[in-house]
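Student: I'd like to ask you about the structure that follows.
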Amino acid sequence: MYPREFEYVAAGSVEEAAQLLEDNPGAKVMSGGMSLIPMMKLRLLSPELVVDIGRIPGLNTIEDRGDHIAIGALVRQRQIAESPLIPMALKTAAAQTGDAQVRNTATFAGAIAHADVAADTPTAFVALGGTIVAKCVDGEREIAADACFVDTLTSALEANEILTEVRIPKSGGGSAYDKLGRRGGHTDYSVAGAAAWVADSSGRECRVAVGGVGTIPALASGVMEAMASGASPEDAAERACEGITVLEDLYGSEEYKSHLAKVFVRRALEQAMANAS
Amino acid sequence: MVETKSVLGGAIRRREDPALIAGQGLYTDDVAPTGTLHVAFVRSPFAKAKILSIDTAEAAGMAGVKAIYTADDVRHLGLLPTQVAVRARPLLADGQVAHSGEAVAMVVATDRYLAQDAAEAVFVDYEAQEPVIDLKAAAAGDIKAHDDMDSNVIIAWTAGPFGDEDGIAKTRETIQAAKDRDDTVTVSIEMVNQRLVPTAMEPRSVVADYSPGYNRFHVHSTTQIPHALAGAIAKTFDLDNSQVNVTALEVGGGFGAKLNVYPDEILVAFASKALGKPVKFTESRREAAVNTIHGRGWVATATMTGTRDGQILGYELDGLADMGAYTQNFTAAIPFLGLFVGSGQYTMPTYFNVACVLTNTVVTDAYRGAGRPEAEYYLERIVDAFSREIGVDPAEVRKKNYFDKFEDAVSPIGFAMDTGDYGANLDALLEFVDYEGMKARRDAARAEGRLVGLGLSSYVEVCGFGPSGLSDLGFNWGAYNVDSAFNGSGLVRVGGDGKATVHIGTGPSGQGHQTTWAQIVSAETGIPVDNIRVISGETDDTPVGIGSFGSRSAAVDGAAAHEAAGRVKAKAAKIAAHLLEAAEEDIRFEDGVAHVAGSPDQSVTWAEIAKTAYHPHLLPEGMEGGLEAHAVFSPGNATWPFGSHICMVEVDPDTGNVDVLEYLTMDDCGNVINPMIADGQLHGGIVQGAGQALFEDAIYDEQGTLLTTSFMDYLIPTATSMPSFQMERTTTPTHVNPLGVKGIGEAGTIGSAQTVVNAVVDALADLGVKHVDMPVRPRRVWEAIQAAKEA
Ligand SMILES: Cc1cc2nc3c(=O)[nH]c(=O)nc-3n(C[C@H](O)[C@H](O)[C@H](O)COP(=O)(O)OP(=O)(O)OC[C@H]3O[C@@H](n4cnc5c(N)ncnc54)[C@H](O)[C@@H]3O)c2cc1C
């Protein structure tokens with residue numbers, strides 16, 4: 001629980017932070033520090049420089065931009081859980097993240113950058129679609145939600161990039177998130193979870209994502225295909241793990257976690273359809 | 001909560017809480033004398049390995065490093081002192097590692113970070129050996145935890161009754177005969193009572209400061225047994241106990257895990273003496289999981305035989321208990337504590353046989369309940385299974401087989417019990433919870449297709465140790481140089497201002513001794529609670545005592561303080577009589593004054609009495625000055641609290657998730673000093689037991705690596721895991737101490753795990769599930785449902 005020695009800089013602007021990352025290839029961005037600091041304390045991660053973006057002004061707002069909602073990099077999970085601008089799937093996932101102290105400190109953008117498959121809000125993000133904005137000294141790019149996650153604890157962000165904003169489309173319809181937490185019910189990281197967005201109460205046009213069970217939160221394209229062809233949520237959910245390598249862990253066997261994925265895909269779809277009507 | 005007039009039994013708010021709530025409590029890690037050096041340990045990644053060499057050269061040259069010690073440097077200090085020293089451990093692994101996380105070298109540096117860096121630069125050449133981790137494999141014995149041992153089984157605790165070979169043989173025959181009868185039913189289940197990582201909010205921490213000029217140690221440690229630690233250090237360094245002062249400041253939870261003298265406590269003292277500087281070691285959370293003791297870890301088969309109308313004719317428990325790699329303070333004695341309550345509240349012939357087995361894992365020892373939760377778990381699970389098998393209500397079966405109300409009875413397992421009224425307690429619970437109504441609600445939910453279950457259980461425990469004669473049974477604090485058996489001590493001193501200090505040899509870790517001892521002394525003397533300060537956890541300033549554990553403090557040390565207070569009052573009465581020119585028998589103490597019976601205005605205050613006591617020329621002829629007394633109290637027996645718990649759970653058939661909907665209790669700990677504190681002890685205890693039932697699990701892989709060393713993976717229960725409890729109590733005082741109090745510190749834990757599991761099994765019974773092992777995490781419950789569906 002004692003990190004190796006490191007340098008620390010509190011960046012005053014995104015540009016300054018980007019320059020620091022550019023100049024220090026071993027550097028790491030810190031926003032809430034809720035995942036970074038434990039990793040450093042366990043010496044699983046030992047960056048030479050920590051670039052704290054937590055004091056950069058202007059990054060902590062949720063804005064309605066007409067066709068999408070823009071979420072700044074420093075917006076906390078708690079703000080997500082409480083904002084009327086946020087679709088239900090993401091609100092629910094944020095509300096089920098950790099406890100109040102965690103939600104008050106942890107950022108939504110940090111959860112995406114951390115790319116933990118057991119995290120809740122990234123799964124909801126994948127189902128809602130949208131993009132992240134990644135900035136570096138050379139400029140910025142947008143990455144689509146389902147391309148954000150590459151592998152276990154690996155996002156699509158380059159080492160010199162800062163996630164400055166998350167954009168969620170205003171697509172109407174309804175959405176929902178449900179999970180089983182490690183400590184039972186909705187408490188703690190998810191053993192398995194699923195989020196669904198539907199265009200209307202028929203559920204035919206939908207986006208569904210599964211978290212917790214593989215290496216990354218992933219779109220359940222088989223489910224979406226089945227729904228498009230008119231299957232019931234229950235039948236469609238049978239395809240929840242198509243294309244996902246389900247991994248056994250302390251909380252479940254492959255069989256159990258595959259089963260849970262189906263349960264939560266069905267529940268998320270049914271709830272999203274109910275929310276849409 | 002009623003504020004009663006009598007201080008004893010009053011729900012007075014805990015006086016220690018304002019500082020704790022405001023974050024102003026002082027803990028060991030807050031102690032930082034100038035020049036303090038910091039320790040990091042090099043720990044073995046292997047569960048079993050030979051140490052071929054240790055290369056400290058690079059680390060020794062690093063910035064801030066003051067010393068690096070290995071077994072070679074500390075071998076002369078001997079093995080770690082323990083009471084039941086079957087396989088005592090070296091202070092640092094000496095040529096051989098026996099569990100992963102075992103300390104191999106100790107780095108002392110100017111700060112904790114540098115110490116950690118240097119620890120990483122110590123290179124140890126290990127020759128890994130195949131460890132034995134699984135308990136049954138260890139008992140079978142192909143691989144030994146230590147190469148020099150013939151067997152991993154170090155002792156077996158057998159009883160029925162205890163200590164009577166012929167009796168045991170006869171009991172086994174009687175049980176066999178019952179099984180052979182045509183009209184009996186026998187139910188047998190193998191169950192795991194899993195290994196746990198005791199989790200206190202405050203990990204262990206120790207600061208040792210040696211003063212060469214005075215040849216004295218001042219050691220701060222977060223311990224439940226300050227006097228034992230002082231004695232152990234004195235013994236190790238060949239000093240008198242008075243040359244070591246141990247201070248335990250606030251202790252942020254202990255649960256038995258701080259009821260040990262640990263190698264690091266001795267080593268830090270060693271380093272302080274060697275380097276002439278204060279030296280500190282504070283465990284990190286991950287380190288705590290492999291450095292501080294574990295609890296539980298049994299596999300056993302419970303078998304119950306009885307008639308179809310619910311008469312139990314025999315109970316057998318046959319199993320193994322995991323000791324880990326060494327024996328520390330009570331390690332091998334923990335199953336023996338379970339044996340004490342092996343037959344529970346029941347009269348049936350009972351056979352108990354639990355073998356203690358060494359494995360290459362962290363040492364186990366006392367964890368809240370220590371043997372008793374394990375024993376009660378097996379017994380109450382099998383009573384439940386037996387009731388289900390014969391189709392009789394589990395409450396009926398229990399009542400049919402309980403001891404009748406008694407004063408002094410001997411249990412089938414062979415121990416004298418103080419007082420009990422089990423049937424009345426269970427009846428009180430059933431009435432309090434509206435048992436028939438609860439069953440109706442469960443059945444209504446089931447009719448809707450929901451998996452709702454009701455779990456009932458009762459328990460008797462044994463605590464408040466105990467008669468000092470226990471030292472003849474081997475519970476001997478001599479290993480730590482403590483000049484005390486299992487008795488209590490209390491010194492009450494009234495100062496010249498009429499205010500009292502109470503000095504006790506306990507080692508509280510959150511039980512509220514500041515409050516309860518003030519109540520005990522106030523009730524006896526009439527000195528207001530606010531004028532009484534309680535001093536504990538400071539060996540220089542407290543009479544020798546053996547600390548706080550086994551729910552013993554109030555029943556033993558509390559009784560001692562009560563007696564000491566009585567003696568002080570007797571002397572004060574003489575002085576008051578002298579001052580008031582009245583007869584001593586006519587003096588009454590009330591509200592901080594002594595008055596003459598019948599004439600309240602003829603009075604003197606405690607301050608006036610005390611002032612006189614410290615001006616001896618004003619005292620009656622021949623009376624000594626001063627106003628204090630020290631009492632040592634040895635009770636006639638341990639105490640045997642009991643109670644009944646019930647809970648309702650709902651299982652999600654899709655996920656196996658268990659939701660505890662209601663939890664209600666009827667406990668009996670005899671007289672209650674402070675109901676608010678007693679309830680608080682129960683709250684935490686129940687959650688800890690339910691935590692074992694639902695979540696907690698120390699999981700090793702086959703190589704002996706502990707996989708659950710952080711709260712990400714070691715799931716402790718949280719406030720949201722349980723519903724609000726509804727609690728009531730019956731009161732059956734004990735006669736083994738003058739206060740009539742039993743213990744309450746462990747009762748909640750001892751009564752709760754089986755209550756939850758009984759409810760889960762009840763919820764699944766219609767599907768054909770007969771048992772689910774703890775922790776009943778969703779995964780297990782779902783798998784049990786699938787297996788039952790397939791069967
Ligand atoms: C006690 C506890 C309980 C938790 N429980 C849950 C739970 O139940 N469910 C759940 O889903 N999560 C849970 N979490 C995880 C929590 O949600 C994440 O730790 C948090 O959201 C991460 O955000 P942060 O701002 O703290 O990121 P940081 O810790 O600051 O950073 C995390 C990682 O992302 C990188 N990073 C952060 N921000 C950026 C950025 N803007 N651009 C580029 N890279 C960046 C960092 O370099 C680092 O690698 C829990 C955490 C804790 C401590």
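Going by the structure tokens order, chains are called A, B, ..., each with residues numbered from 1, while ligands are numbered from 1 in the order shown.
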Show me which residues sit within 7 Å of ligand 1 when counting only C-alpha atoms and all ligand atoms, and put them as a count of residues only.
Tutor: 40
Student: Write out as an NGL selection string which residues come within 10 Å of B:Lys277 when counting only C-alpha atoms, dropping same-chain ones fewer than 6 positions away.
Tutor: :B and (33-37 or 208-212 or 269 or 271)
Student: Quick one: write out the picked residues with N, CA, C and O atoms as a tab-separated table (two decimals), in the first residue's frame?
Tutor:
```tsv
chain	number	residue	atom	x	y	z
B	33	PRO	N	6.97	9.50	17.62
B	33	PRO	CA	8.03	10.21	18.32
B	33	PRO	C	9.10	10.69	17.33
B	33	PRO	O	9.27	10.08	16.27
B	34	THR	N	9.80	11.76	17.70
B	34	THR	CA	10.84	12.29	16.82
B	34	THR	C	11.84	11.20	16.47
B	34	THR	O	12.26	10.44	17.33
B	35	GLY	N	12.20	11.12	15.22
B	35	GLY	CA	13.21	10.17	14.80
B	35	GLY	C	12.71	8.76	14.56
B	35	GLY	O	13.50	7.83	14.39
B	36	THR	N	11.39	8.60	14.52
B	36	THR	CA	10.84	7.26	14.34
B	36	THR	C	11.30	6.63	13.02
B	36	THR	O	11.24	7.26	11.97
B	37	LEU	N	11.75	5.39	13.12
B	37	LEU	CA	12.10	4.62	11.93
B	37	LEU	C	10.94	3.70	11.57
B	37	LEU	O	10.13	3.36	12.42
B	208	ALA	N	7.66	0.83	18.99
B	208	ALA	CA	8.45	0.51	20.18
B	208	ALA	C	9.50	1.60	20.36
B	208	ALA	O	10.11	2.06	19.39
B	209	ASP	N	9.67	2.01	21.60
B	209	ASP	CA	10.63	3.06	21.90
B	209	ASP	C	11.43	2.63	23.13
B	209	ASP	O	10.91	2.58	24.24
B	210	TYR	N	12.69	2.30	22.89
B	210	TYR	CA	13.55	1.82	23.98
B	210	TYR	C	14.38	2.98	24.51
B	210	TYR	O	14.96	3.74	23.74
B	211	SER	N	14.41	3.13	25.83
B	211	SER	CA	15.23	4.17	26.45
B	211	SER	C	16.44	3.53	27.11
B	211	SER	O	16.30	2.93	28.17
B	212	PRO	N	17.62	3.66	26.48
B	212	PRO	CA	18.79	3.00	27.06
B	212	PRO	C	19.12	3.52	28.45
B	212	PRO	O	19.53	2.77	29.33
B	269	ALA	N	10.41	-4.10	18.77
B	269	ALA	CA	11.10	-3.82	20.04
B	269	ALA	C	12.60	-4.12	19.90
B	269	ALA	O	13.45	-3.33	20.33
B	271	ALA	N	14.40	-4.04	17.18
B	271	ALA	CA	15.04	-3.04	16.34
B	271	ALA	C	15.22	-1.73	17.09
B	271	ALA	O	16.25	-1.05	16.95
```
Student: For chain B, which residues have at least one atom within 6 Å of chain A, if we go by only C-alpha atoms? Write them as number ranges by chain, please.
Tutor: B: 113, 284, 657, 779
Student: I need the chosen residues saved as a compact mmCIF listing (two decimals), in the first residue's frame, with N, CA and C atoms.
Tutor:
```txt
# COMPACT_ATOMS: atom_id res chain seq x y z
N TYR B 113 8.00 4.47 2.94
CA TYR B 113 8.09 4.28 1.49
C TYR B 113 9.47 3.74 1.12
N SER B 284 -0.28 -2.84 6.18
CA SER B 284 -1.21 -2.40 5.15
C SER B 284 -2.35 -3.41 5.16
N ASN B 657 -29.36 -14.82 -5.93
CA ASN B 657 -29.10 -13.76 -4.95
C ASN B 657 -29.98 -13.93 -3.71
N ARG B 779 -23.74 -17.39 -6.66
CA ARG B 779 -23.22 -18.47 -7.49
C ARG B 779 -23.53 -19.84 -6.89
```
Student: My list of candidates is A:Val117, A:Ala231, A:Leu269, A:Ala274. Which is closest to A:Ile244 when distances are computed with only C-alpha atoms?
Tutor: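 Using only C-alpha atoms, A:Ile244 sits closest to A:Val117.
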Student: DSSP on the backbone, then: every residue of stretch 531-713 of chain B marked alpha helix (DSSP H), written as a ChimeraX atom specification.
Tutor: /B:559-580,606-613,675-694
Student: Hey, what does DSSP flag as strand (DSSP E or B) within stretch 7-235 of chain B? Can you give it to me as number ranges by chain?
Tutor: B: 27, 37-43, 49-55, 65-69, 96-97, 103-109, 123-128, 153-159, 184-196, 205-211, 216-221
Student: When you count only C-alpha atoms, which of these residues is closest to B:Gly101: B:Gln129, B:Glu581, B:Thr361, B:Ser53?
Tutor: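 Using only C-alpha atoms, B:Gly101 sits closest to B:Thr361.
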Student: To one decimal place in Å, what is the distance between atom CA of B:Ala485 and atom CA of B:Leu267?
Tutor: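 Straight-line distance from atom CA of B:Ala485 to atom CA of B:Leu267 works out to 26.4 Å.
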Student: Near A:Val75, within 7 Å and counting only C-alpha atoms, which residues show up once chain neighbours fewer than 3 positions away are dropped, as a list in words?
Tutor: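 So the residues in contact are Asn60, Thr61, Ile71, Gly72, Gln79, Thr107 and Phe108 of chain A.
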Student: Find the spatial neighbours of B:Pro723, counting only C-alpha atoms, within a cut-off of 12 Å - ignore same-chain residues fewer than 2 positions away - and output them as a PDB file with C-alpha atoms, in the first residue's frame.
Tutor:
```pdb
ATOM      1  CA  CYS B 647     -34.783 -14.450   9.929  1.00  0.00           C
ATOM      2  CA  MET B 648     -36.640 -14.339   6.656  1.00  0.00           C
ATOM      3  CA  VAL B 649     -34.833 -14.368   3.340  1.00  0.00           C
ATOM      4  CA  ASP B 659     -31.878 -10.926   0.276  1.00  0.00           C
ATOM      5  CA  VAL B 660     -32.258 -10.888   4.062  1.00  0.00           C
ATOM      6  CA  LEU B 661     -35.708  -9.384   4.577  1.00  0.00           C
ATOM      7  CA  GLU B 662     -36.108  -9.538   8.350  1.00  0.00           C
ATOM      8  CA  TYR B 663     -33.890 -10.451  11.275  1.00  0.00           C
ATOM      9  CA  LEU B 664     -35.243 -10.716  14.824  1.00  0.00           C
ATOM     10  CA  HIS B 683     -25.723  -5.556  15.899  1.00  0.00           C
ATOM     11  CA  ILE B 686     -24.978 -10.491  13.904  1.00  0.00           C
ATOM     12  CA  VAL B 687     -23.629  -8.721  10.841  1.00  0.00           C
ATOM     13  CA  ALA B 690     -24.324 -13.049   8.593  1.00  0.00           C
ATOM     14  CA  PRO B 717     -20.800  -7.172   4.769  1.00  0.00           C
ATOM     15  CA  THR B 718     -21.825  -3.540   4.709  1.00  0.00           C
ATOM     16  CA  ALA B 719     -24.619  -1.580   6.339  1.00  0.00           C
ATOM     17  CA  THR B 720     -26.749  -2.168   3.280  1.00  0.00           C
ATOM     18  CA  SER B 721     -26.388  -5.947   3.488  1.00  0.00           C
ATOM     19  CA  PHE B 725     -32.830  -5.709  13.395  1.00  0.00           C
ATOM     20  CA  GLN B 726     -35.645  -6.124  15.850  1.00  0.00           C
TER      21      GLN B 726
END
```
Student: What does the structure give for the distance between atom CA of B:Pro641 and atom CA of B:Ser468, in Å to one decimal?
Tutor: 19.8 Å
Student: Write out as JSON, numbers by chain the residues lying within 6 Å of stretch 13-19 of chain A, counting only C-alpha atoms and excluding same-chain residues fewer than 4 positions away.
Tutor: {"A": [56, 136, 137]}
Student: Write the residues you've just listed into a file as a compact mmCIF listing (two decimals), in the first residue's frame, and include C-alpha atoms for each of them.
Tutor:
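Everything below was put into again_0.txt:
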```
# COMPACT_ATOMS: atom_id res chain seq x y z
CA ILE A 56 -8.70 22.10 -14.62
CA CYS A 136 -3.40 15.25 -27.40
CA VAL A 137 -0.90 17.95 -28.42
```
Student: Give the answer as one residue: which of B:Val197, B:Val544, B:Ala103, B:Ala564 has the shortest atom-to-atom distance to B:Thr506, using only C-alpha atoms?
Tutor: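 Selected residue with least distance to B:Thr506: B:Val544.
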Student: When you draw a straight line from atom CA of B:Ala479 to atom CA of B:Phe255, how long is it in Å?
Tutor: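 Atom CA of B:Phe255 lies 21.7 Å from atom CA of B:Ala479.
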Student: Quick one: of B:Glu120, B:Asp180, B:Asp591, B:Glu696, who's nearest to B:Ser522, counting only C-alpha atoms?
Tutor: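 Once distances to B:Ser522 are computed over only C-alpha atoms, the minimum belongs to B:Asp591.
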Student: Would you kindly return, as a list in words, each protein, DNA or RNA residue with an atom no farther than 12 Å from any atom of B:Gly141, considering only C-alpha atoms and excluding same-chain residues fewer than 4 positions away?
Tutor: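 Selected residues are Pro131, Val132, Ile133, Asp134, Leu135, Lys136, Ala137, Ala145, His146, Asp147, Met149, Asp150, Ser151, Asn152, Val153, Ile154, Val357, Leu358 and Thr359 of chain B.
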Student: Using only C-alpha atoms, which protein or nucleic acid residues come within 9 Å of B:Ile12? Drop anything in the same chain fewer than 3 positions from it, and give the result as a list of chain:residue names.
Tutor: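 Here the qualifying residues turn out to be B:Glu3, B:Val7, B:Gly9, B:Arg15, B:Thr515, B:Thr516, B:Gln519, B:Asn674, B:Pro675, B:Met676, B:Ile677.
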Student: Could you check the closest approach to B:Val299 for each of B:Ile646, B:Val192, B:Ala444, B:Ile68 and tell me which residue wins, using only C-alpha atoms?
Tutor: B:Val192
